[in-house]
>>> print(open('structure-v2.txt').read())   # compact mmCIF, C-alpha atoms
# COMPACT_ATOMS: atom_id res chain seq x y z
CA MET A 1 8.60 5.70 2.26
CA ALA A 2 5.08 5.66 0.81
CA TYR A 3 3.79 2.60 -1.04
CA GLU A 4 1.01 2.17 -3.59
CA VAL A 5 0.12 -1.46 -4.26
CA TYR A 6 -2.16 -2.49 -7.13
CA LEU A 7 -3.73 -5.87 -7.89
CA ASP A 8 -5.12 -5.66 -11.40
CA ASP A 9 -7.01 -2.32 -11.35
CA ILE A 10 -7.53 -2.29 -7.57
CA ARG A 11 -5.40 -0.13 -5.31
CA LEU A 12 -5.11 -1.67 -1.85
CA PRO A 13 -6.41 0.88 0.69
CA ILE A 14 -3.70 -0.16 3.19
CA PRO A 15 -0.39 -1.44 1.74
CA PRO A 16 0.87 -4.75 3.21
CA GLU A 17 3.52 -4.48 5.91
CA LYS A 18 5.76 -6.84 3.94
CA ILE A 19 6.00 -7.63 0.22
CA PRO A 20 8.23 -10.72 -0.07
CA ILE A 21 9.13 -11.61 -3.66
CA SER A 22 11.20 -14.76 -4.19
CA TYR A 23 13.06 -15.62 -7.39
CA PRO A 24 13.69 -19.40 -7.25
CA GLY A 25 16.55 -20.95 -9.17
CA GLN A 26 16.31 -24.08 -11.30
CA ASN A 27 19.98 -25.07 -11.41
CA LYS A 28 20.72 -28.79 -11.09
CA THR A 29 23.85 -30.60 -9.93
CA ALA A 30 25.20 -33.75 -11.54
CA ASN A 31 28.07 -36.14 -10.83
CA LEU A 32 30.54 -37.04 -13.57
CA ILE A 33 32.05 -40.50 -13.96
CA ASN A 34 35.20 -39.37 -12.16
CA GLY A 35 33.09 -38.32 -9.17
CA GLU A 36 33.37 -34.59 -9.83
CA GLU A 37 30.21 -32.60 -9.11
CA ILE A 38 29.13 -29.95 -11.60
CA ASN A 39 26.34 -27.37 -11.65
CA LEU A 40 23.99 -27.28 -14.63
CA VAL A 41 22.88 -23.66 -14.94
CA ARG A 42 19.29 -23.19 -16.04
CA PRO A 43 17.07 -20.13 -16.50
CA ALA A 44 15.61 -18.62 -13.35
CA GLY A 45 12.19 -19.79 -12.20
CA LEU A 46 9.05 -17.68 -12.02
CA ALA A 47 8.89 -15.07 -9.27
CA GLU A 48 6.60 -15.92 -6.35
CA ILE A 49 4.83 -13.28 -4.24
CA SER A 50 3.08 -13.69 -0.89
CA LEU A 51 0.95 -10.91 0.59
CA ASP A 52 -1.01 -10.58 3.82
CA VAL A 53 -3.59 -7.91 3.05
CA VAL A 54 -5.60 -6.25 5.82
CA PHE A 55 -8.76 -4.88 4.25
CA PRO A 56 -10.35 -2.23 6.50
CA GLN A 57 -14.02 -2.40 7.39
CA MET A 58 -13.84 0.99 9.10
CA ASP A 59 -12.60 4.43 8.08
CA TYR A 60 -8.95 4.90 8.97
CA PRO A 61 -6.96 8.10 8.33
CA ALA A 62 -4.18 6.06 6.71
CA ALA A 63 -6.49 4.20 4.32
CA VAL A 64 -6.62 5.48 0.74
CA TRP A 65 -9.77 4.84 -1.28
CA ASP A 66 -9.52 5.71 -4.98
CA GLY A 67 -12.89 4.31 -6.08
CA SER A 68 -11.48 1.10 -7.58
CA VAL A 69 -13.12 -0.95 -4.81
CA ASP A 70 -15.89 -0.07 -2.35
CA ASN A 71 -15.58 -2.54 0.51
CA ALA A 72 -14.24 -5.92 1.61
CA GLU A 73 -17.03 -7.84 -0.12
CA ASP A 74 -16.30 -6.07 -3.40
CA PHE A 75 -12.60 -6.90 -2.99
CA LEU A 76 -13.31 -10.61 -2.39
CA ASP A 77 -15.63 -10.74 -5.40
CA HIS A 78 -12.84 -9.32 -7.55
CA LEU A 79 -10.35 -11.90 -6.23
CA GLN A 80 -12.79 -14.68 -7.07
CA ASP A 81 -13.20 -13.31 -10.60
CA LEU A 82 -9.41 -13.27 -11.05
CA LYS A 83 -9.20 -16.86 -9.80
CA GLU A 84 -11.97 -18.15 -12.05
CA SER A 85 -10.95 -16.20 -15.18
CA LYS A 86 -7.51 -17.92 -15.26
CA THR A 87 -6.04 -14.85 -16.93
CA PRO A 88 -2.90 -12.91 -15.95
CA PHE A 89 -3.07 -9.40 -14.53
CA GLU A 90 -0.66 -6.73 -13.31
CA PHE A 91 0.92 -6.58 -9.85
CA ILE A 92 2.36 -3.11 -9.29
CA VAL A 93 4.21 -1.53 -6.39
CA ILE A 94 5.03 2.20 -6.57
CA ARG A 95 7.58 3.38 -4.02
CA ASP A 96 7.91 7.08 -3.18
CA GLY A 97 10.68 8.20 -0.86
CA PRO A 98 10.87 11.41 1.17
CA GLY A 99 11.06 14.70 -0.67
CA ARG A 100 9.26 13.25 -3.73
CA PHE A 101 12.22 10.96 -4.32
CA SER A 102 11.08 8.14 -6.60
CA SER A 103 12.52 4.74 -5.77
CA PHE A 104 12.34 1.69 -8.04
CA ASP A 105 8.93 0.28 -8.93
CA THR A 106 7.72 -3.29 -9.38
CA ASN A 107 5.54 -4.22 -12.34
CA LEU A 108 4.92 -7.91 -13.01
CA ASP A 109 2.33 -9.87 -14.94
CA VAL A 110 1.05 -12.46 -12.47
CA THR A 111 -1.61 -15.08 -11.90
CA LEU A 112 -3.61 -15.58 -8.72
CA GLU A 113 -2.52 -18.96 -7.38
CA ASP A 114 -4.33 -19.03 -4.06
CA TYR A 115 -5.95 -16.81 -1.46
CA LYS A 116 -7.18 -17.46 2.07
CA VAL A 117 -9.62 -15.35 4.07
CA SER A 118 -9.35 -15.30 7.86
CA ASP A 119 -11.24 -13.49 10.61
CA ASP A 120 -8.73 -12.54 13.30
CA VAL A 121 -10.16 -11.20 16.54
CA LYS A 122 -7.02 -9.06 16.90
CA GLU A 123 -7.97 -7.24 13.71
CA GLY A 124 -11.46 -6.35 14.96
CA PHE A 125 -13.91 -6.03 12.08
CA ASP A 126 -11.12 -5.80 9.51
CA LEU A 127 -10.58 -8.66 7.07
CA THR A 128 -7.23 -10.41 6.58
CA VAL A 129 -6.55 -12.05 3.21
CA SER A 130 -3.41 -14.09 2.46
CA ILE A 131 -2.68 -13.96 -1.28
CA SER A 132 -0.22 -16.03 -3.34
CA LEU A 133 0.81 -14.78 -6.78
CA LYS A 134 3.13 -16.21 -9.42
CA GLU A 135 4.85 -14.41 -12.28
CA TYR A 136 3.36 -14.98 -15.73
CA ARG A 137 5.50 -15.18 -18.87
CA ASN A 138 3.90 -15.04 -22.27
CA TYR A 139 4.49 -18.03 -24.50
CA GLY A 140 3.22 -19.45 -27.74
CA THR A 141 4.11 -21.39 -30.88
CA LYS A 142 6.13 -19.94 -33.75
CA ILE A 143 5.00 -20.33 -37.34
CA MET A 144 7.55 -19.85 -40.13
CA ASN A 145 6.85 -20.05 -43.87
CA PHE A 146 9.65 -20.70 -46.39
CA LEU A 147 9.85 -20.21 -50.14
CA LEU A 148 12.40 -22.33 -52.05
CA ILE A 149 14.17 -20.42 -54.80
CA GLU A 150 17.00 -22.17 -56.72
CA ASP A 151 17.40 -24.69 -53.92
CA GLU A 152 17.84 -21.93 -51.33
CA ALA A 153 15.40 -21.47 -48.45
CA GLU A 154 14.36 -17.88 -47.97
CA THR A 155 12.19 -16.74 -45.15
CA VAL A 156 9.24 -14.81 -46.58
CA GLN A 157 7.33 -14.26 -43.41
CA ALA A 158 8.72 -13.29 -40.00
CA SER A 159 8.09 -15.60 -37.12
CA GLU A 160 4.87 -14.72 -35.39
CA GLU A 161 4.21 -15.16 -31.70
CA SER A 162 0.80 -16.46 -30.76
CA GLY A 163 -0.68 -15.74 -27.35
CA THR A 164 -1.46 -12.66 -25.30
CA GLU A 165 0.37 -9.53 -26.51
CA ARG A 166 0.46 -6.17 -24.83
CA LYS A 167 -1.27 -3.40 -26.70
CA GLY A 168 0.96 -0.82 -28.30
CA GLU A 169 1.30 2.64 -26.87
CA PRO A 170 -1.59 4.88 -27.86
CA GLU A 171 -0.96 7.97 -29.94
CA ASN A 172 -0.54 11.29 -28.20
CA ALA A 173 -3.92 12.30 -26.82
CA GLY A 174 -2.84 15.94 -26.34
CA SER A 175 -4.72 16.62 -23.11
CA TYR A 176 -6.88 14.82 -20.57
CA THR A 177 -9.40 16.04 -18.00
CA VAL A 178 -9.14 14.32 -14.61
CA VAL A 179 -12.28 12.59 -13.31
CA SER A 180 -13.13 11.22 -9.87
CA GLY A 181 -11.11 8.11 -8.96
CA ASP A 182 -8.23 8.94 -11.31
CA SER A 183 -4.56 8.64 -10.39
CA LEU A 184 -1.49 9.44 -12.48
CA TRP A 185 -0.75 5.73 -12.73
CA LYS A 186 -4.27 4.98 -14.00
CA ILE A 187 -4.12 7.77 -16.58
CA ALA A 188 -0.69 6.62 -17.78
CA LYS A 189 -1.94 3.05 -18.13
CA GLN A 190 -5.09 4.14 -20.00
CA LEU A 191 -3.56 6.70 -22.37
CA LEU A 192 0.09 5.68 -22.64
CA GLY A 193 -0.22 1.93 -22.31
CA ASN A 194 2.06 1.69 -19.26
CA GLY A 195 1.23 2.79 -15.71
CA ASN A 196 4.94 3.21 -14.95
CA ARG A 197 4.95 6.32 -17.19
CA TRP A 198 3.10 8.25 -14.48
CA GLN A 199 6.38 10.04 -13.72
CA GLU A 200 6.38 11.51 -17.26
CA LEU A 201 2.86 12.83 -16.67
CA TYR A 202 3.94 14.37 -13.38
CA ASP A 203 7.09 15.98 -14.83
CA LEU A 204 5.12 17.44 -17.74
CA ASN A 205 2.40 18.86 -15.47
CA ARG A 206 4.38 20.15 -12.48
CA ASP A 207 2.83 23.58 -13.05
CA LYS A 208 -0.58 22.05 -12.28
CA ILE A 209 0.32 19.27 -9.79
CA SER A 210 2.08 19.99 -6.50
CA ASN A 211 1.78 16.40 -5.20
CA PRO A 212 1.70 13.45 -7.67
CA ASN A 213 -0.55 11.53 -5.27
CA LEU A 214 -3.15 14.32 -5.18
CA ILE A 215 -4.89 15.23 -8.42
CA ARG A 216 -8.32 16.82 -8.55
CA PRO A 217 -11.28 16.19 -10.86
CA GLY A 218 -11.48 18.89 -13.51
CA GLN A 219 -7.72 19.37 -13.88
CA VAL A 220 -6.61 19.37 -17.51
CA LEU A 221 -3.34 17.48 -17.92
CA THR A 222 -0.95 17.59 -20.86
CA ILE A 223 -0.30 14.10 -22.21
CA PRO A 224 3.24 13.23 -23.47
CA SER A 225 3.78 11.55 -26.79
>>> encode(input="structure-v2.txt", output="C-alpha cells")
Amino acid sequence: MAYEVYLDDIRLPIPPEKIPISYPGQNKTANLINGEEINLVRPAGLAEISLDVVFPQMDYPAAVWDGSVDNAEDFLDHLQDLKESKTPFEFIVIRDGPGRFSSFDTNLDVTLEDYKVSDDVKEGFDLTVSISLKEYRNYGTKIMNFLLIEDEAETVQASEESGTERKGEPENAGSYTVVSGDSLWKIAKQLLGNGNRWQELYDLNRDKISNPNLIRPGQVLTIPS
C-alpha cells in the first residue's frame, strides 16, 4: 500500500513507518451511596498523533519530492513557523492500495504540540524528527438576538459561530492547467476547497491521467462542480 502524508502544505518525502493515532476517552467512574460503581459517559477526547519522520539528506529512489519543501533545513523552519504561529493546520494521510484501490483517508485539523530533532548515527546524514500532534476542534461563543412581540420571544437572528471557519467550496473553475509541483490533492484543495476530492478529479480526467500520482505540467484538467 502506498502512503502520502501531508503536514500543512508539505508532503513528507518518505512516509513514516508507523502512524499511531490514539483516541483517548474521558469517561469517569463514580460510587453511589449503596456502593455500586457507575460509569459516567463523556464525549471522546481529542485525537493524539505521534510521528517519527526520517527526512532524507541524500537522494533516494523511494523519496518523493513535490516542491513543497527543498531540504531538511527548510522542513525544520516550517515546523518552527507552525509552532510559533499557534494556528491549526491539516494532517492528511492518503492510502492507495494495489490496483489503484483507494483505501480510507485521514484528514484532521491539528496543532503542533511538540517536536524533537535527533541525529542518529544509524541514519547517516538523514535527520530524524519526532513530532507530536493533537486534534483541533473549532469553538467559539454564540450570540443570539431576540425580539419580544406580544410577550413572545422570537428569534430574529440565527446563532452565529465565532472563530475559524472553513472557506466554502469555490465555484466550478471549468478547467485547470497543471504546473510544476502540483498534485491532484493540491489542486482539489485549491480549487474545490477539500483535498480529499482528488478522487473526483481523477475520475473525471481518466482519459488524460493513467496514474493519479503522476501528473505532468501542461496537462489541462477538467474541474468538477
>>> residues_around(input="structure-v2.txt", residues="Thr29 of chain A", least_positions_apart="4", cutoff="12 Å", atoms="only C-alpha atoms", output="ChimeraX atom specification")
/A:36-42
>>> closest_residue(input="structure-v2.txt", among="A:Thr106, A:Val54, A:Gly67, A:Phe75", to="Asp120 of chain A", atoms="only C-alpha atoms")
A:Val54
>>> residues_near_point(input="structure-v2.txt", point="(0.6, -3.6, 8.7)", cutoff="12 Å", atoms="all atoms listed in the file", output="ChimeraX atom specification")
/A:3,13-19,51-56,62-63,123,126,128
>>> write_last_selection(input="structure-v2.txt", atoms="C-alpha atoms", output="CSV table (one decimal), in the frame of the given file")
chain,number,residue,atom,x,y,z
A,3,TYR,CA,3.8,2.6,-1.0
A,13,PRO,CA,-6.4,0.9,0.7
A,14,ILE,CA,-3.7,-0.2,3.2
A,15,PRO,CA,-0.4,-1.4,1.7
A,16,PRO,CA,0.9,-4.8,3.2
A,17,GLU,CA,3.5,-4.5,5.9
A,18,LYS,CA,5.8,-6.8,3.9
A,19,ILE,CA,6.0,-7.6,0.2
A,51,LEU,CA,1.0,-10.9,0.6
A,52,ASP,CA,-1.0,-10.6,3.8
A,53,VAL,CA,-3.6,-7.9,3.0
A,54,VAL,CA,-5.6,-6.2,5.8
A,55,PHE,CA,-8.8,-4.9,4.2
A,56,PRO,CA,-10.4,-2.2,6.5
A,62,ALA,CA,-4.2,6.1,6.7
A,63,ALA,CA,-6.5,4.2,4.3
A,123,GLU,CA,-8.0,-7.2,13.7
A,126,ASP,CA,-11.1,-5.8,9.5
A,128,THR,CA,-7.2,-10.4,6.6
>>> closest_residue(input="structure-v2.txt", among="A:Val64, A:Ile131, A:Ile223, A:Leu79", to="Glu48 of chain A", atoms="all atoms listed in the file")
A:Ile131
>>> atom_distance(input="structure-v2.txt", atom1="atom CA of His78 of chain A", atom2="atom CA of Arg197 of chain A")
25.6 Å
>>> atom_distance(input="structure-v2.txt", atom1="atom CA of Asp9 of chain A", atom2="atom CA of Lys83 of chain A")
14.8 Å
>>> closest_residue(input="structure-v2.txt", among="A:Lys189, A:Arg216, A:Lys116, A:Arg95", to="Ser50 of chain A", atoms="all atoms listed in the file")
A:Lys116
>>> closest_residue(input="structure-v2.txt", among="A:Leu191, A:Val129, A:Ile33, A:Ile143", to="Val117 of chain A", atoms="only C-alpha atoms")
A:Val129
>>> atom_distance(input="structure-v2.txt", atom1="atom CA of Val69 of chain A", atom2="atom CA of Ile10 of chain A")
6.4 Å
>>> closest_residue(input="structure-v2.txt", among="A:Gln57, A:Asn211, A:Gln199, A:Ser118", to="Glu73 of chain A", atoms="only C-alpha atoms")
A:Gln57
>>> residues_around(input="structure-v2.txt", residues="segment 107-109 of chain A", least_positions_apart="4", cutoff="8 Å", atoms="all atoms listed in the file", output="VMD selection string")
chain A and resid 88 to 93 135 to 137 196
>>> write_last_selection(input="structure-v2.txt", atoms="C-alpha atoms", output="compact mmCIF listing (two decimals), keeping the file's coordinate frame")
# COMPACT_ATOMS: atom_id res chain seq x y z
CA PRO A 88 -2.90 -12.91 -15.95
CA PHE A 89 -3.07 -9.40 -14.53
CA GLU A 90 -0.66 -6.73 -13.31
CA PHE A 91 0.92 -6.58 -9.85
CA ILE A 92 2.36 -3.11 -9.29
CA VAL A 93 4.21 -1.53 -6.39
CA GLU A 135 4.85 -14.41 -12.28
CA TYR A 136 3.36 -14.98 -15.73
CA ARG A 137 5.50 -15.18 -18.87
CA ASN A 196 4.94 3.21 -14.95
>>> closest_residue(input="structure-v2.txt", among="A:Thr111, A:Ser68, A:Ser183, A:Asn34", to="Lys86 of chain A", atoms="all atoms listed in the file")
A:Thr111
>>> axis_aligned_box(input="structure-v2.txt", around="segment 103-121 of chain A", padding_each_side="8 Å", output="lines of an AutoDock Vina configuration file")
center_x = 0.6
center_y = -7.1
center_z = 0.8
size_x = 39.8
size_y = 39.8
size_z = 47.5
>>> residues_around(input="structure-v2.txt", residues="Ser180 of chain A", least_positions_apart="2", cutoff="12 Å", atoms="all atoms listed in the file", output="ChimeraX atom specification")
/A:65-68,177-178,182-183,186-187,214-219
